[in-house]
$ cat upload.cif   # mmCIF, C-alpha atoms
data_my_file
#
loop_
_atom_site.label_atom_id
_atom_site.label_comp_id
_atom_site.auth_asym_id
_atom_site.auth_seq_id
_atom_site.Cartn_x
_atom_site.Cartn_y
_atom_site.Cartn_z
CA MET E 1 198.60 78.72 125.36
CA ASN E 2 197.18 75.43 126.62
CA ALA E 3 197.19 74.50 130.28
CA SER E 4 200.31 72.71 131.51
CA TYR E 5 198.30 69.69 132.72
CA MET E 6 196.99 68.95 129.20
CA LYS E 7 199.08 66.32 127.45
CA GLN E 8 198.42 67.79 124.00
CA SER E 9 200.23 70.80 122.59
CA SER E 10 198.48 74.01 121.58
CA SER E 11 198.96 73.17 117.92
CA GLU E 12 197.28 69.77 118.44
CA LEU E 13 194.41 71.37 120.31
CA GLN E 14 193.85 74.32 117.95
CA PRO E 15 191.56 72.43 115.51
CA LEU E 16 189.56 71.06 118.44
CA ALA E 17 189.22 74.53 119.98
CA GLU E 18 187.96 75.84 116.62
CA ALA E 19 185.47 72.97 116.34
CA LEU E 20 184.28 73.54 119.90
CA ASN E 21 183.85 77.25 119.21
CA GLY E 22 181.78 76.41 116.13
CA TYR E 23 179.68 74.12 118.31
CA LEU E 24 179.38 76.89 120.88
CA ALA E 25 178.10 79.20 118.14
CA ASP E 26 175.56 76.59 117.04
CA ILE E 27 174.33 76.11 120.60
CA GLY E 28 174.14 79.88 121.15
CA VAL E 29 172.00 80.39 118.06
CA MET E 30 169.94 77.30 118.96
CA ASP E 31 169.28 78.77 122.40
CA ILE E 32 167.87 81.98 120.92
CA LYS E 33 165.93 79.99 118.31
CA LEU E 34 164.35 77.84 121.04
CA HIS E 35 163.29 80.97 122.91
CA ASN E 36 161.81 82.35 119.69
CA LEU E 37 159.82 79.15 119.11
CA HIS E 38 158.74 79.06 122.78
CA TRP E 39 157.37 82.58 122.52
CA ASN E 40 155.76 82.10 119.12
CA VAL E 41 154.29 78.58 119.19
CA GLU E 42 150.64 78.37 118.19
CA GLY E 43 148.19 75.61 117.49
CA ARG E 44 146.74 72.50 119.02
CA ASN E 45 150.00 71.39 120.68
CA PHE E 46 150.66 74.77 122.26
CA PHE E 47 150.82 73.68 125.90
CA ALA E 48 153.01 70.62 125.37
CA LEU E 49 155.40 72.38 122.98
CA HIS E 50 155.60 75.56 125.04
CA GLU E 51 156.70 73.50 128.04
CA LYS E 52 159.08 71.27 126.03
CA LEU E 53 160.74 74.23 124.34
CA GLU E 54 161.45 75.75 127.74
CA GLU E 55 163.07 72.46 128.79
CA PHE E 56 165.17 72.49 125.62
CA TYR E 57 166.45 76.03 126.10
CA GLU E 58 167.34 75.30 129.71
CA ILE E 59 169.42 72.38 128.42
CA THR E 60 171.11 74.56 125.78
CA HIS E 61 172.07 77.02 128.53
CA GLU E 62 173.90 74.22 130.33
CA ILE E 63 175.56 73.01 127.13
CA LEU E 64 176.63 76.56 126.29
CA ASP E 65 178.36 76.93 129.63
CA ASP E 66 179.95 73.47 129.54
CA VAL E 67 181.37 73.91 126.02
CA ALA E 68 182.71 77.40 126.76
CA GLU E 69 184.39 76.05 129.88
CA ARG E 70 185.85 73.16 127.87
CA VAL E 71 187.36 75.64 125.41
CA LEU E 72 188.92 77.48 128.35
CA THR E 73 190.08 74.20 129.91
CA ILE E 74 192.06 73.29 126.80
CA GLY E 75 193.71 76.71 126.82
CA PHE E 76 191.73 78.81 124.35
CA ARG E 77 189.09 81.55 124.46
CA PRO E 78 185.44 80.75 123.76
CA LEU E 79 183.36 82.83 121.41
CA ALA E 80 181.19 85.10 123.53
CA SER E 81 179.23 87.46 121.31
CA LEU E 82 176.07 87.09 119.28
CA LYS E 83 177.91 88.58 116.30
CA ASP E 84 180.54 85.82 116.48
CA PHE E 85 177.90 83.14 117.04
CA ILE E 86 175.92 84.16 113.97
CA ALA E 87 179.05 84.40 111.83
CA LYS E 88 180.25 80.92 112.80
CA ALA E 89 177.04 78.93 113.36
CA GLY E 90 175.58 76.42 110.94
CA ILE E 91 172.20 76.67 112.66
CA THR E 92 170.13 79.54 111.35
CA GLU E 93 167.90 82.01 113.12
CA LEU E 94 164.18 82.36 112.55
CA PRO E 95 162.09 85.52 112.29
CA SER E 96 159.82 86.34 115.20
CA GLU E 97 156.47 85.14 113.90
CA ALA E 98 153.77 82.63 114.76
CA VAL E 99 154.86 79.03 114.19
CA ASP E 100 152.56 76.01 114.07
CA GLY E 101 153.46 73.07 116.28
CA ASP E 102 153.97 70.67 113.37
CA ARG E 103 156.43 73.10 111.77
CA ILE E 104 158.23 73.42 115.10
CA LEU E 105 158.69 69.66 115.27
CA ASP E 106 160.22 69.71 111.77
CA ILE E 107 162.57 72.55 112.75
CA LEU E 108 163.63 70.81 115.95
CA VAL E 109 164.30 67.49 114.24
CA GLU E 110 166.41 69.20 111.58
CA ASP E 111 168.44 71.16 114.13
CA PHE E 112 168.96 68.27 116.54
CA ILE E 113 170.12 66.05 113.65
CA TYR E 114 172.62 68.78 112.78
CA LEU E 115 173.83 69.04 116.40
CA LEU E 116 174.09 65.26 116.65
CA GLY E 117 176.32 65.20 113.58
CA LYS E 118 178.51 68.00 114.93
CA SER E 119 178.77 66.20 118.28
CA ARG E 120 179.97 63.06 116.51
CA GLU E 121 182.52 65.01 114.45
CA ILE E 122 183.97 66.68 117.54
CA LEU E 123 184.05 63.38 119.44
CA GLU E 124 186.06 61.81 116.60
CA LEU E 125 188.44 64.77 116.48
CA ALA E 126 188.92 64.78 120.25
CA ASP E 127 189.47 61.01 120.26
CA SER E 128 192.08 61.28 117.49
CA ILE E 129 194.20 63.58 119.67
CA GLY E 130 193.51 61.80 122.95
CA ASP E 131 191.40 64.50 124.62
CA GLN E 132 189.22 62.32 126.83
CA GLY E 133 187.48 65.28 128.47
CA SER E 134 186.07 66.48 125.15
CA VAL E 135 185.26 62.90 124.12
CA ASP E 136 183.23 62.42 127.29
CA LEU E 137 181.45 65.75 126.88
CA MET E 138 180.42 64.97 123.31
CA ALA E 139 179.43 61.38 124.14
CA GLY E 140 176.93 62.75 126.64
CA TYR E 141 175.48 65.13 124.06
CA ILE E 142 175.25 62.36 121.48
CA ALA E 143 173.16 60.23 123.85
CA GLN E 144 171.03 63.24 124.78
CA PHE E 145 170.38 64.29 121.17
CA GLU E 146 169.63 60.73 120.06
CA LYS E 147 167.02 60.41 122.79
CA THR E 148 165.58 63.83 121.95
CA LEU E 149 165.30 62.87 118.28
CA TRP E 150 163.61 59.60 119.16
CA MET E 151 161.03 61.48 121.24
CA LEU E 152 160.48 64.20 118.64
CA ASN E 153 160.01 61.63 115.88
CA ALA E 154 157.61 59.63 118.06
CA THR E 155 155.53 62.80 118.44
CA ARG E 156 155.12 63.38 114.70
#
$ encode --input "upload.cif" --output "structure tokens"
Amino acid sequence: MNASYMKQSSSELQPLAEALNGYLADIGVMDIKLHNLHWNVEGRNFFALHEKLEEFYEITHEILDDVAERVLTIGFRPLASLKDFIAKAGITELPSEAVDGDRILDILVEDFIYLLGKSREILELADSIGDQGSVDLMAGYIAQFEKTLWMLNATR
């Protein structure tokens, strides 16, 4: 099942593909959640948060594509439906309702901490089987999420 240029066997890559698909599900739900917050933000920080949330969901779009392509690169199929995302994701949806900016910051910090942890887990798994491509991908997300968390916490 895996591409002939990969040095790992399909059985070695299977747990990584499953972890990446879980990550893909988390990012997919996060993307929708960010749109929800973008549309429903209210309060004194409306303008700044509205703009920042748009930036965040543009980033999640890129991550979604990169992770799906990584799953394909290692010889597996990425999850590609909202039903599958919701079933597999650890990040939860929110109802469509007004959300105060301070609450949004709390939600974002919680979710980015979760994604940071998942990124670290996948990096360790990829490193243990010698998949440098996945290690590099996750290392970039770790740096990005750490910086995002620093900025979000500085805002509170």
$ axis_aligned_box --input "upload.cif" --around "stretch 3-22 of chain E" --padding-each-side "5 Å" --output "lines of an AutoDock Vina configuration file"
center_x = 191.0
center_y = 71.8
center_z = 124.1
size_x = 28.5
size_y = 20.9
size_z = 27.2
$ resolve_selection --input "upload.cif" --expression "the PyMOL selection byres ((chain E and resi 139-141) around 10)" --output "list of chain:residue names"
E:Ile63, E:Leu115, E:Leu116, E:Ser119, E:Arg120, E:Ile122, E:Leu123, E:Gly133, E:Ser134, E:Val135, E:Asp136, E:Leu137, E:Met138, E:Ile142, E:Ala143, E:Gln144, E:Phe145, E:Glu146, E:Lys147
$ atom_distance --input "upload.cif" --atom1 "atom CA of E:Leu34" --atom2 "atom CA of E:Leu53"
6.1 Å
$ atom_distance --input "upload.cif" --atom1 "atom CA of E:Val29" --atom2 "atom CA of E:Ala80"
11.7 Å
$ closest_residue --input "upload.cif" --among "E:Glu121, E:Asp127, E:Glu51, E:Glu93" --to "E:Ala19" --atoms "only C-alpha atoms"
E:Glu121
$ resolve_selection --input "upload.cif" --expression "the PyMOL selection byres ((chain E and resi 71) around 12)" --output "PyMOL selection string"
chain E and resi 1-3+10+13-24+64-70+72-80+131+133-134+137
$ closest_residue --input "upload.cif" --among "E:Leu152, E:Val99, E:Leu94, E:Ile27" --to "E:Leu82" --atoms "all atoms listed in the file"
E:Ile27
$ resolve_selection --input "upload.cif" --expression "the PyMOL selection byres ((chain E and resi 55-58) around 10)" --output "list of chain:residue names"
E:Ile27, E:Gly28, E:Met30, E:Asp31, E:Ile32, E:Lys33, E:Leu34, E:His35, E:His38, E:Leu49, E:His50, E:Glu51, E:Lys52, E:Leu53, E:Glu54, E:Ile59, E:Thr60, E:His61, E:Glu62, E:Ile63, E:Leu64, E:Leu108, E:Thr148
$ residues_around --input "upload.cif" --residues "E:Gly43" --least-positions-apart "5" --cutoff "12 Å" --atoms "all atoms listed in the file" --output "ChimeraX atom specification"
/E:48-50,98-104
$ atom_distance --input "upload.cif" --atom1 "atom CA of E:Asp106" --atom2 "atom CA of E:Phe47"
17.4 Å
$ build_atoms --input "upload.cif" --residues "stretch 22-48 of chain E" --atoms "N, CA, C and O atoms" --output "short mmCIF file (atom, residue, chain, number, x, y, z; two decimals), keeping the file's coordinate frame"
data_model
loop_
_atom_site.label_atom_id
_atom_site.label_comp_id
_atom_site.auth_asym_id
_atom_site.auth_seq_id
_atom_site.Cartn_x
_atom_site.Cartn_y
_atom_site.Cartn_z
N GLY E 22 182.87 76.52 117.10
CA GLY E 22 181.78 76.41 116.13
C GLY E 22 180.54 75.80 116.76
O GLY E 22 179.41 76.24 116.53
N TYR E 23 180.76 74.78 117.58
CA TYR E 23 179.68 74.12 118.31
C TYR E 23 179.03 75.09 119.28
O TYR E 23 177.81 75.16 119.41
N LEU E 24 179.87 75.87 119.96
CA LEU E 24 179.38 76.89 120.88
C LEU E 24 178.49 77.89 120.14
O LEU E 24 177.42 78.26 120.64
N ALA E 25 178.91 78.29 118.95
CA ALA E 25 178.10 79.20 118.14
C ALA E 25 176.76 78.57 117.78
O ALA E 25 175.71 79.21 117.87
N ASP E 26 176.81 77.29 117.37
CA ASP E 26 175.56 76.59 117.04
C ASP E 26 174.62 76.53 118.24
O ASP E 26 173.42 76.78 118.10
N ILE E 27 175.15 76.21 119.39
CA ILE E 27 174.33 76.11 120.60
C ILE E 27 173.79 77.49 120.99
O ILE E 27 172.63 77.62 121.40
N GLY E 28 174.61 78.53 120.84
CA GLY E 28 174.14 79.88 121.15
C GLY E 28 172.98 80.31 120.27
O GLY E 28 171.99 80.86 120.75
N VAL E 29 173.09 80.05 118.98
CA VAL E 29 172.00 80.39 118.06
C VAL E 29 170.79 79.50 118.34
O VAL E 29 169.65 79.96 118.34
N MET E 30 171.04 78.22 118.63
CA MET E 30 169.94 77.30 118.96
C MET E 30 169.18 77.78 120.19
O MET E 30 167.96 77.70 120.25
N ASP E 31 169.91 78.28 121.17
CA ASP E 31 169.28 78.77 122.40
C ASP E 31 168.31 79.91 122.09
O ASP E 31 167.16 79.90 122.55
N ILE E 32 168.74 80.86 121.29
CA ILE E 32 167.87 81.98 120.92
C ILE E 32 166.69 81.48 120.07
O ILE E 32 165.55 81.90 120.24
N LYS E 33 166.97 80.54 119.17
CA LYS E 33 165.93 79.99 118.31
C LYS E 33 164.86 79.27 119.14
O LYS E 33 163.66 79.38 118.88
N LEU E 34 165.29 78.53 120.16
CA LEU E 34 164.35 77.84 121.04
C LEU E 34 163.48 78.83 121.80
O LEU E 34 162.28 78.60 121.99
N HIS E 35 164.08 79.93 122.26
CA HIS E 35 163.29 80.97 122.91
C HIS E 35 162.26 81.54 121.93
O HIS E 35 161.09 81.72 122.29
N ASN E 36 162.69 81.82 120.73
CA ASN E 36 161.81 82.35 119.69
C ASN E 36 160.61 81.40 119.49
O ASN E 36 159.45 81.83 119.51
N LEU E 37 160.90 80.12 119.32
CA LEU E 37 159.82 79.15 119.11
C LEU E 37 158.91 79.05 120.34
O LEU E 37 157.69 78.95 120.21
N HIS E 38 159.50 79.10 121.52
CA HIS E 38 158.74 79.06 122.78
C HIS E 38 157.76 80.22 122.86
O HIS E 38 156.60 80.06 123.26
N TRP E 39 158.22 81.40 122.46
CA TRP E 39 157.37 82.58 122.52
C TRP E 39 156.33 82.61 121.41
O TRP E 39 155.29 83.27 121.55
N ASN E 40 156.60 81.95 120.31
CA ASN E 40 155.76 82.10 119.12
C ASN E 40 154.98 80.85 118.72
O ASN E 40 154.34 80.85 117.67
N VAL E 41 155.03 79.81 119.52
CA VAL E 41 154.29 78.58 119.19
C VAL E 41 152.79 78.86 119.22
O VAL E 41 152.29 79.58 120.08
N GLU E 42 152.10 78.29 118.25
CA GLU E 42 150.64 78.37 118.19
C GLU E 42 150.10 77.03 117.73
O GLU E 42 150.82 76.22 117.15
N GLY E 43 148.84 76.81 118.00
CA GLY E 43 148.19 75.61 117.49
C GLY E 43 147.80 74.63 118.57
O GLY E 43 147.94 74.89 119.77
N ARG E 44 147.34 73.49 118.11
CA ARG E 44 146.74 72.50 119.02
C ARG E 44 147.72 71.91 120.03
O ARG E 44 147.33 71.44 121.07
N ASN E 45 149.01 71.93 119.75
CA ASN E 45 150.00 71.39 120.68
C ASN E 45 150.69 72.47 121.50
O ASN E 45 151.77 72.26 122.02
N PHE E 46 150.04 73.63 121.59
CA PHE E 46 150.66 74.77 122.26
C PHE E 46 151.22 74.42 123.64
O PHE E 46 152.38 74.66 123.91
N PHE E 47 150.39 73.89 124.51
CA PHE E 47 150.82 73.68 125.90
C PHE E 47 152.00 72.72 126.00
O PHE E 47 152.99 73.00 126.68
N ALA E 48 151.93 71.61 125.31
CA ALA E 48 153.01 70.62 125.37
C ALA E 48 154.30 71.17 124.77
O ALA E 48 155.38 71.02 125.35
#
